[in-house]
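Source file: data-v4.csv; contents: CSV, C-alpha atoms.
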chain,number,residue,atom,x,y,z
A,84,MET,CA,11.5,6.7,17.9
A,85,ALA,CA,10.4,8.2,14.6
A,86,SER,CA,10.2,12.0,14.3
A,87,ILE,CA,9.5,14.6,11.6
A,88,ASP,CA,12.5,16.6,10.3
A,89,GLU,CA,10.9,20.0,9.7
A,90,SER,CA,14.0,21.2,7.8
A,91,LYS,CA,13.0,18.8,5.0
A,92,GLN,CA,10.3,19.6,2.4
A,93,PHE,CA,7.2,17.4,2.2
A,94,ILE,CA,7.1,15.5,-1.1
A,95,PRO,CA,3.5,14.6,-2.2
A,96,LEU,CA,3.1,11.1,-3.7
A,97,ASN,CA,0.6,9.9,-6.2
A,98,ILE,CA,-1.5,7.3,-4.4
A,99,ALA,CA,-4.1,5.0,-6.0
A,100,VAL,CA,-6.9,3.4,-3.8
A,101,LEU,CA,-8.5,0.2,-4.8
A,102,THR,CA,-11.5,-1.2,-2.9
A,103,VAL,CA,-12.0,-4.9,-3.3
A,104,SER,CA,-15.7,-5.7,-2.7
A,105,ASP,CA,-18.7,-7.4,-4.3
A,106,THR,CA,-21.1,-5.1,-2.5
A,107,ARG,CA,-19.7,-1.6,-2.5
A,108,ALA,CA,-20.1,1.4,-4.8
A,109,LEU,CA,-18.3,4.7,-4.5
A,110,ALA,CA,-21.3,6.2,-2.7
A,111,ASP,CA,-21.0,3.7,0.2
A,112,ASP,CA,-17.3,2.8,0.1
A,113,LYS,CA,-16.4,4.0,3.6
A,114,SER,CA,-13.1,2.3,3.7
A,115,GLY,CA,-11.9,3.7,0.4
A,116,GLN,CA,-13.1,7.1,1.4
A,117,THR,CA,-11.3,6.9,4.7
A,118,LEU,CA,-8.0,6.3,2.8
A,119,VAL,CA,-8.8,9.1,0.3
A,120,ASP,CA,-9.6,11.6,3.0
A,121,ARG,CA,-6.4,10.8,5.0
A,122,LEU,CA,-4.0,10.7,2.1
A,123,THR,CA,-5.3,14.0,0.7
A,124,ALA,CA,-5.3,15.7,4.1
A,125,ALA,CA,-1.7,14.6,4.4
A,126,GLY,CA,-0.9,16.5,1.2
A,127,HIS,CA,-0.6,13.5,-1.2
A,128,HIS,CA,-2.5,13.3,-4.5
A,129,LEU,CA,-5.2,10.8,-5.3
A,130,ALA,CA,-3.9,9.2,-8.5
A,131,ALA,CA,-6.8,6.9,-9.1
A,132,ARG,CA,-9.6,5.2,-7.3
A,133,GLU,CA,-11.6,2.1,-8.3
A,134,ILE,CA,-13.8,-0.6,-6.9
A,135,VAL,CA,-13.3,-4.1,-8.2
A,136,THR,CA,-15.1,-7.4,-7.3
A,137,ASP,CA,-13.4,-10.1,-5.3
A,138,ASP,CA,-11.9,-11.8,-8.4
A,139,VAL,CA,-8.2,-12.6,-8.7
A,140,GLU,CA,-7.9,-11.6,-12.4
A,141,ALA,CA,-9.9,-8.4,-12.0
A,142,ILE,CA,-7.8,-7.3,-9.0
A,143,ARG,CA,-4.5,-8.2,-10.8
A,144,ALA,CA,-5.6,-6.3,-13.9
A,145,VAL,CA,-6.1,-3.0,-12.0
A,146,ILE,CA,-2.8,-3.5,-10.0
A,147,ARG,CA,-0.8,-4.3,-13.1
A,148,ARG,CA,-2.2,-1.2,-14.8
A,149,TRP,CA,-1.3,1.0,-11.9
A,150,VAL,CA,2.1,-0.5,-11.4
A,151,ALA,CA,2.8,0.2,-15.1
A,152,ASP,CA,1.6,3.8,-14.8
A,153,ALA,CA,4.5,6.2,-14.0
A,154,GLY,CA,1.9,8.5,-12.4
A,155,VAL,CA,1.2,6.1,-9.6
A,156,ASP,CA,3.8,5.8,-6.8
A,157,VAL,CA,1.8,3.9,-4.2
A,158,VAL,CA,-1.3,1.6,-4.3
A,159,ILE,CA,-3.4,1.0,-1.2
A,160,THR,CA,-6.1,-1.7,-1.3
A,161,THR,CA,-8.9,-2.2,1.2
A,162,GLY,CA,-10.9,-5.4,1.4
A,163,GLY,CA,-10.5,-9.1,0.6
A,164,THR,CA,-7.8,-9.9,3.2
A,165,GLY,CA,-10.0,-12.2,5.4
A,166,PHE,CA,-10.5,-15.9,5.3
A,167,THR,CA,-13.9,-16.3,3.5
A,168,GLY,CA,-14.1,-18.0,0.2
A,169,ARG,CA,-14.4,-14.6,-1.6
A,170,ASP,CA,-11.4,-13.0,0.1
A,171,VAL,CA,-8.7,-13.3,-2.5
A,172,THR,CA,-6.7,-10.0,-2.4
A,173,PRO,CA,-3.4,-11.5,-1.1
A,174,GLU,CA,-3.7,-14.4,-3.6
A,175,ALA,CA,-4.2,-11.8,-6.4
A,176,ILE,CA,-1.5,-9.4,-5.4
A,177,GLU,CA,1.3,-11.2,-3.6
A,178,PRO,CA,2.5,-13.1,-6.8
A,179,LEU,CA,3.1,-9.6,-8.4
A,180,PHE,CA,5.5,-8.6,-5.6
A,181,GLU,CA,9.2,-8.4,-6.5
A,182,LYS,CA,9.9,-8.0,-2.8
A,183,ARG,CA,7.6,-8.7,0.1
A,184,MET,CA,7.4,-6.3,3.0
A,185,ASP,CA,6.9,-8.7,5.9
A,186,GLY,CA,7.4,-5.9,8.5
A,187,PHE,CA,4.2,-4.2,7.3
A,188,SER,CA,2.1,-7.1,8.3
A,189,ILE,CA,3.8,-7.4,11.7
A,190,ALA,CA,3.4,-3.7,12.4
A,191,PHE,CA,-0.2,-3.7,11.3
A,192,HIS,CA,-1.0,-6.6,13.5
A,193,MET,CA,0.7,-5.0,16.5
A,194,LEU,CA,-1.4,-1.9,16.0
A,195,SER,CA,-4.6,-3.9,15.4
A,196,HIS,CA,-4.0,-6.1,18.4
A,197,ALA,CA,-3.9,-3.1,20.7
A,198,LYS,CA,-7.4,-2.1,19.4
A,199,ILE,CA,-9.2,-5.3,18.7
A,200,GLY,CA,-7.2,-8.0,20.5
A,201,THR,CA,-6.8,-11.4,19.0
A,202,SER,CA,-9.4,-10.7,16.3
A,203,THR,CA,-6.4,-9.2,14.4
A,204,ILE,CA,-5.5,-12.7,13.3
A,205,GLN,CA,-8.5,-12.7,11.0
A,206,SER,CA,-6.7,-10.3,8.6
A,207,ARG,CA,-4.0,-11.2,6.1
A,208,ALA,CA,-2.8,-7.6,5.6
A,209,THR,CA,0.2,-7.7,3.3
A,210,ALA,CA,2.5,-5.4,1.4
A,211,GLY,CA,5.3,-5.4,-1.1
A,212,VAL,CA,7.0,-3.7,-4.0
A,213,ALA,CA,6.2,-4.3,-7.7
A,214,GLY,CA,7.7,-2.4,-10.6
A,215,ALA,CA,9.0,0.3,-8.2
A,216,THR,CA,5.5,0.8,-6.8
A,217,TYR,CA,4.7,0.3,-3.2
A,218,ILE,CA,1.5,-1.8,-2.6
A,219,PHE,CA,-0.2,-2.1,0.7
A,220,CYS,CA,-3.2,-4.3,1.3
A,221,LEU,CA,-5.5,-3.4,4.2
A,222,PRO,CA,-8.6,-5.0,5.6
A,223,GLY,CA,-12.0,-3.7,4.4
A,224,SER,CA,-13.1,-1.8,7.4
A,225,PRO,CA,-12.8,2.0,8.0
A,226,GLY,CA,-11.1,1.3,11.4
A,227,ALA,CA,-8.5,-0.9,9.8
A,228,CYS,CA,-7.8,1.7,7.1
A,229,ARG,CA,-7.5,4.4,9.8
A,230,ASP,CA,-5.1,2.2,11.8
A,231,GLY,CA,-3.0,1.3,8.8
A,232,TRP,CA,-2.8,4.9,7.6
A,233,ASP,CA,-2.4,6.7,10.9
A,234,GLY,CA,-0.1,4.1,12.5
A,235,ILE,CA,2.2,3.2,9.6
A,236,LEU,CA,1.6,4.7,6.2
A,237,ALA,CA,1.3,8.4,7.2
A,238,ALA,CA,4.9,8.4,8.6
A,239,GLN,CA,6.5,6.0,6.1
A,240,LEU,CA,5.1,7.9,3.1
A,241,ASP,CA,6.4,11.2,4.5
A,242,TYR,CA,9.9,12.1,3.3
A,243,ARG,CA,10.5,14.1,6.5
A,244,THR,CA,10.1,11.0,8.8
A,245,ARG,CA,13.4,10.1,10.5
A,246,PRO,CA,15.3,7.9,10.9
A,247,CYS,CA,14.0,6.5,7.6
A,248,ASN,CA,11.0,6.4,5.3
A,249,PHE,CA,9.9,4.8,2.0
A,250,VAL,CA,10.0,8.1,0.0
A,251,GLU,CA,13.8,8.5,0.3
A,252,ILE,CA,14.4,5.1,-1.3
A,253,MET,CA,11.9,5.4,-4.1
A,254,PRO,CA,14.5,6.5,-6.7
A,255,ARG,CA,16.4,3.2,-6.1
A,256,LEU,CA,13.4,0.7,-6.1
A,257,ASP,CA,14.0,-0.1,-9.8
A,258,GLU,CA,17.8,-0.1,-9.8
A,259,HIS,CA,17.9,-3.8,-10.4
A,260,LEU,CA,15.9,-3.2,-13.6
A,261,ARG,CA,18.3,-0.5,-14.8
A,262,ARG,CA,21.6,-2.1,-13.8
A,263,PRO,CA,23.6,-3.4,-16.8
A,264,LYS,CA,24.7,-7.0,-16.6
A,265,ALA,CA,28.2,-7.5,-15.4
A,266,GLN,CA,30.7,-8.1,-18.2
A,267,GLY,CA,30.8,-11.8,-19.0
A,268,ALA,CA,27.6,-12.6,-17.1
A,269,THR,CA,25.5,-15.3,-18.7
A,270,ALA,CA,22.2,-15.0,-16.7
Could I get this file's structure written as structure tokens?
Amino acid sequence: MASIDESKQFIPLNIAVLTVSDTRALADDKSGQTLVDRLTAAGHHLAAREIVTDDVEAIRAVIRRWVADAGVDVVITTGGTGFTGRDVTPEAIEPLFEKRMDGFSIAFHMLSHAKIGTSTIQSRATAGVAGATYIFCLPGSPGACRDGWDGILAAQLDYRTRPCNFVEIMPRLDEHLRRPKAQGATA
């Protein structure tokens, strides 16, 4: 079972929050605000916050900009993970992943099932890594954002979490980009 190693120092991360919605503004974005409140209460820094419409290219543009920004360690999105015609967050973001994080979706659905039962299958929560940046896509409800943060992200984004956490491997996320080619390699 996971635990906090109090002998380790907390390392604050720079986390950007993207709300995907055709109808929300900052003033009424409860899901985005839920994430902001939780990440700042945990001691992390809000690196950026935006709202973008349910449009593949608009979503990708923001994600690409944040992935390229050395001041953003983690991106959390909320919204657009359902099955309606306007729900396109996974389609927009998953092609950007260098590595998928299948366990996130499984863990999220396990937590969600305990609270909302089989209705959890109506979410396509997903996660991955792009450009050494963690990206987590949550559904667009405050409850789903609470569940995702409280049940998964709070621990995995805390360097003190044992037996392991995402923070401790961050320096190695881009090693494949920094590794020189083997002598004689042609690829």
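Of the listed residues (A:Phe219, A:Glu89, A:Thr209, A:Gln116), A:Phe219 comes nearest to Ile146 of chain A; the distances count all atoms listed in the file.
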> Which of these residues is nearest to Val250 of chain A, using all atoms listed in the file: A:Thr161, A:Thr216, A:Ser224, A:Thr203?
Replying inline: A:Thr216
> Which residue gives the smallest distance to Ile159 of chain A among A:Ala130, A:Ala197, A:Ala190, A:Cys220, with only C-alpha atoms counted?
Replying inline: A:Cys220
> Quick one: residues within 12 Å of Ser90 of chain A, all atoms listed in the file counted, chain neighbours fewer than 4 positions away excluded, as a list of chain:residue names?
Replying inline: A:Ser86, A:Tyr242, A:Arg243, A:Thr244, A:Arg245
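If you measure from each of A:Leu129, A:Gly165, A:Ile235, A:Asp152 to Ser202 of chain A using all atoms listed in the file, the closest one turns out to be A:Gly165.
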> Taking only C-alpha atoms into account, which of A:Thr136, A:Thr167, A:Thr172, A:Thr123 comes nearest Pro95 of chain A?
Replying inline: A:Thr123
> Neighbours of Lys182 of chain A within 7 Å (all atoms listed in the file; same-chain residues fewer than 2 positions away dropped), as a VMD selection string?
Replying inline: chain A and resid 180 184 211 to 212
Could you save those same residues with C-alpha atoms as a short mmCIF file (atom, residue, chain, number, x, y, z; two decimals), in the coordinates of the input?
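part_16.cif, freshly written:
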data_model
loop_
_atom_site.label_atom_id
_atom_site.label_comp_id
_atom_site.auth_asym_id
_atom_site.auth_seq_id
_atom_site.Cartn_x
_atom_site.Cartn_y
_atom_site.Cartn_z
CA PHE A 180 5.50 -8.60 -5.60
CA MET A 184 7.40 -6.30 3.00
CA GLY A 211 5.30 -5.40 -1.10
CA VAL A 212 7.00 -3.70 -4.00
#
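Remark: for His196 of chain A, the closest of the candidate residues A:Gln239, A:Thr117, A:Ala227, A:Arg107 is A:Ala227 (distances computed over only C-alpha atoms).
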> Which value, in Å to one decimal, gives the distance between atom CA of Phe249 of chain A and atom CA of Tyr217 of chain A?
Replying inline: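 Atom CA of Tyr217 of chain A lies at a distance of 8.6 Å from atom CA of Phe249 of chain A.
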> Suppose you want the space between atom CA of Pro246 of chain A and atom CA of Met84 of chain A; what is it in Å?
Replying inline: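 So the answer is 8.1 Å.
Taking atom CA of Ile218 of chain A as the reference point, atom CA of Ser114 of chain A is found at 16.4 Å.
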>> Which residues are close to Ala175 of chain A, i.e. within 10 Å by all atoms listed in the file, leaving aside same-chain residues fewer than 3 positions away? Reply as a VMD selection string.
In response: chain A and resid 137 to 144 146 163 170 to 172 178 to 179
Select from segment 133-195 of chain A every residue with an atom at most 7 Å from any atom of segment 205-208 of chain A, then for each give the shortest pair of atoms and their distance in Å to one decimal, using all atoms listed in the file, rows by chain and rising number, as a tab-separated table.
residue	atom	partner	partner_atom	distance
A:Thr164	CA	A:Arg207	CA	5.0
A:Gly165	CA	A:Ser206	CA	5.0
A:Phe166	CA	A:Gln205	CA	6.8
A:Ser188	CA	A:Ala208	CA	5.6
Please return as a PDB file with C-alpha atoms, keeping the file's coordinate frame every residue within 12 Å of (-11.2, 5.3, 0.5), taking into account all atoms listed in the file and the file's own coordinates.
ATOM      1  CA  ILE A  98      -1.500   7.300  -4.400  1.00  0.00           C
ATOM      2  CA  ALA A  99      -4.100   5.000  -6.000  1.00  0.00           C
ATOM      3  CA  VAL A 100      -6.900   3.400  -3.800  1.00  0.00           C
ATOM      4  CA  LEU A 101      -8.500   0.200  -4.800  1.00  0.00           C
ATOM      5  CA  THR A 102     -11.500  -1.200  -2.900  1.00  0.00           C
ATOM      6  CA  VAL A 103     -12.000  -4.900  -3.300  1.00  0.00           C
ATOM      7  CA  ARG A 107     -19.700  -1.600  -2.500  1.00  0.00           C
ATOM      8  CA  ALA A 108     -20.100   1.400  -4.800  1.00  0.00           C
ATOM      9  CA  LEU A 109     -18.300   4.700  -4.500  1.00  0.00           C
ATOM     10  CA  ALA A 110     -21.300   6.200  -2.700  1.00  0.00           C
ATOM     11  CA  ASP A 111     -21.000   3.700   0.200  1.00  0.00           C
ATOM     12  CA  ASP A 112     -17.300   2.800   0.100  1.00  0.00           C
ATOM     13  CA  LYS A 113     -16.400   4.000   3.600  1.00  0.00           C
ATOM     14  CA  SER A 114     -13.100   2.300   3.700  1.00  0.00           C
ATOM     15  CA  GLY A 115     -11.900   3.700   0.400  1.00  0.00           C
ATOM     16  CA  GLN A 116     -13.100   7.100   1.400  1.00  0.00           C
ATOM     17  CA  THR A 117     -11.300   6.900   4.700  1.00  0.00           C
ATOM     18  CA  LEU A 118      -8.000   6.300   2.800  1.00  0.00           C
ATOM     19  CA  VAL A 119      -8.800   9.100   0.300  1.00  0.00           C
ATOM     20  CA  ASP A 120      -9.600  11.600   3.000  1.00  0.00           C
ATOM     21  CA  ARG A 121      -6.400  10.800   5.000  1.00  0.00           C
ATOM     22  CA  LEU A 122      -4.000  10.700   2.100  1.00  0.00           C
ATOM     23  CA  THR A 123      -5.300  14.000   0.700  1.00  0.00           C
ATOM     24  CA  LEU A 129      -5.200  10.800  -5.300  1.00  0.00           C
ATOM     25  CA  ALA A 131      -6.800   6.900  -9.100  1.00  0.00           C
ATOM     26  CA  ARG A 132      -9.600   5.200  -7.300  1.00  0.00           C
ATOM     27  CA  GLU A 133     -11.600   2.100  -8.300  1.00  0.00           C
ATOM     28  CA  ILE A 134     -13.800  -0.600  -6.900  1.00  0.00           C
ATOM     29  CA  VAL A 158      -1.300   1.600  -4.300  1.00  0.00           C
ATOM     30  CA  ILE A 159      -3.400   1.000  -1.200  1.00  0.00           C
ATOM     31  CA  THR A 160      -6.100  -1.700  -1.300  1.00  0.00           C
ATOM     32  CA  THR A 161      -8.900  -2.200   1.200  1.00  0.00           C
ATOM     33  CA  GLY A 162     -10.900  -5.400   1.400  1.00  0.00           C
ATOM     34  CA  LEU A 221      -5.500  -3.400   4.200  1.00  0.00           C
ATOM     35  CA  PRO A 222      -8.600  -5.000   5.600  1.00  0.00           C
ATOM     36  CA  GLY A 223     -12.000  -3.700   4.400  1.00  0.00           C
ATOM     37  CA  SER A 224     -13.100  -1.800   7.400  1.00  0.00           C
ATOM     38  CA  PRO A 225     -12.800   2.000   8.000  1.00  0.00           C
ATOM     39  CA  GLY A 226     -11.100   1.300  11.400  1.00  0.00           C
ATOM     40  CA  ALA A 227      -8.500  -0.900   9.800  1.00  0.00           C
ATOM     41  CA  CYS A 228      -7.800   1.700   7.100  1.00  0.00           C
ATOM     42  CA  ARG A 229      -7.500   4.400   9.800  1.00  0.00           C
ATOM     43  CA  TRP A 232      -2.800   4.900   7.600  1.00  0.00           C
TER      44      TRP A 232
END
